[in-house]
Amino acid sequence: MIGGVAVAVGLWEVASVTNLVSSTALASVNATAAAIVEHAGALSSAAGQTLEAWAVGLFIATVAGVLVGTLVGRSRIADAFTETLVRMMRPLPSLALIPIAILIAGLGLKMTAGLVAFTSFWPIFINTRYGVDQVENLLLETATTLGLRRTALVRKVVLPAAAPLIASGFQVAVSLALSVTVAVELVGGTGGIGSYVLAAQQANVVANMYAGIVVGGILGWVLNTGFAALFRRLLPWANRREGSA
Amino acid sequence: MIAGSRRAARLQRIGFWALGWVGLGVAMLVWQVIAVVDHSPLIPTFTSTAIALWHLLTSSFVTGNLVPSMIRLVIGFVVSAVIGIVIGLFTGYYRAVREWTTAVFDFARSLPTPLLIPVALVLFGLGGTMVVVIIASAAIWPVLINTSNATAALEPTLVDTARCLGLRGPALLAKVILPAVSPKIFAGLRVAISVSLAVLVVAEILGGSSGIGYFISSAQQSFQITNSYAGVLVLCLLGWIADSVFLFVERRLLVWQRGIVGGGHG
């Protein structure tokens, strides 16, 4: 594992030292590392800004997605009613809304978080709706026989049974939300890692550009593996059922 | 008796299908009402957007922006599918390779792709090549990871039996491994389509000189807001068509596994 990382870093260094990729487009490993250390303050505040918009948007999307997904998934009529809409929103053209969102909400946290929420809502909603719909009848009938009704049924049986699928939708949303946040920052120049990288590129400081990219990658990696580990702990029954929607 | 219940089931399915379109209609109506009530130039009505959409689809927009975007989408998607499947089979089949590459691949796929656009701009300049590279670098991951996981999770009995029966190399790959992992590959490809579409737009907004993304952002900058909205609708339709075509092809190709897995849902 460490070996693989070493080989990749080695290849990177070779590509930059031998000028295989022009030095205007690729900084050496050393220069990138030095830039990260030198600009640690600016990078961490940029990462903080990115994380803030990411977290606010994702939180709204999760609450709304699970809530609406559960309501829709419990009813076959509502399920059919939303089917075509979902089919059109599933391929996520939401990033195309960036120019329009800038116009409506202006640049800033509200706009970024709003767009992140809108985009991340769909995978969470779709997976919740599907997961709630797919709960085994045996499970539902047993619970009903045992006297569970409505809210208690949903809270104690339906949601736990759908949790693995909801979790995988959430994990899609985690990385999607980060991509959207960064994309908005790139297009709108609203601060954060995206703006940092773009500014470095426009100023032709290649090392800073790579410093930003590496920090963005680390951010994504920590969030992805962190949530994956969290869900493994929280949902030990998830492995029984493999696959995701 | 059986025929009757089958007909009822079919009627019900058609009913649900129709209900889906009613749902879409209601969503459009809500949009219309909001636009009329709000009466802001930033939110055009659905009807005016639909008219703008019609004008776009009968103008030079099609050859100037829509077709270039579709070509980039197809090339980017095919490149990422081929590379993703090949590398995925390789890393999935050989445990040692998998162990060496996991950490690097994990990092690479966690990296938010839009961050790579500035680099691609420096390397390839404005235009189509840059967009294709960005699409491929984003869409490859769902394909690669799914292929690799599915190959790694293959039943050893399956591969061993095939080996005992004399299958080797390409024949083993084509007749046993690929069919066994194809459902997972398709799941990855479907995700790759949405990812391609999403990054296509961002790449075109930032560095395209044509394309739907370019069109949406330049319409916004010249305050032709209705055209921006119409551009977004074009993308919705494109995504929906791509997804439908994909599901159709998948159903055709994977016809053998219906009834074996997935609980019989179409």
# chains A, B, ... in the order shown; residues from 1 in each chain; ligands from 1
>>> interface_residues(of="chain B", to="chain A", cutoff="8 Å", atoms="only C-alpha atoms", output="PyMOL selection string")
chain B and resi 16-17+19-24+42+99-104+106-108+110-116+118-119+122-123+193-195+197-199+201-202+205-206+213+216-217+220+225+228-229+232+235-237+239-240+243
>>> residues_around(residues="A:Ile36", least_positions_apart="2", cutoff="10 Å", atoms="only C-alpha atoms", output="ChimeraX atom specification")
/A:30-34,38-44,207-212,214-215
>>> residues_around(residues="stretch 53-64 of chain B", least_positions_apart="5", cutoff="8 Å", atoms="only C-alpha atoms", output="PyMOL selection string")
chain B and resi 210-211+227+230-231+233-234
>>> write_last_selection(atoms="C-alpha atoms", output="PDB file, in the first residue's frame")
ATOM      1  CA  SER B 210     -18.335  26.026 -27.595  1.00  0.00           C
ATOM      2  CA  GLY B 211     -20.742  23.531 -26.054  1.00  0.00           C
ATOM      3  CA  ASN B 227     -31.665  31.007 -22.875  1.00  0.00           C
ATOM      4  CA  ALA B 230     -33.357  26.573 -21.872  1.00  0.00           C
ATOM      5  CA  GLY B 231     -29.757  25.325 -21.958  1.00  0.00           C
ATOM      6  CA  LEU B 233     -33.424  21.984 -19.981  1.00  0.00           C
ATOM      7  CA  VAL B 234     -31.399  20.718 -22.953  1.00  0.00           C
TER       8      VAL B 234
END
>>> select_by_dssp(residues="stretch 97-199 of chain A", states="alpha helix (DSSP H)", output="count of residues only")
84
>>> atom_distance(atom1="atom CA of A:Gly188", atom2="atom CA of A:Leu107")
6.6 Å
>>> atom_distance(atom1="atom CA of B:Arg109", atom2="atom CA of B:Val143")
11.2 Å
>>> closest_residue(among="B:Met70, B:Ile83, B:Leu200, B:Val181", to="B:Tyr214", atoms="only C-alpha atoms")
B:Leu200
>>> atom_distance(atom1="atom CA of A:Gly131", atom2="atom CA of B:Val245")
24.5 Å
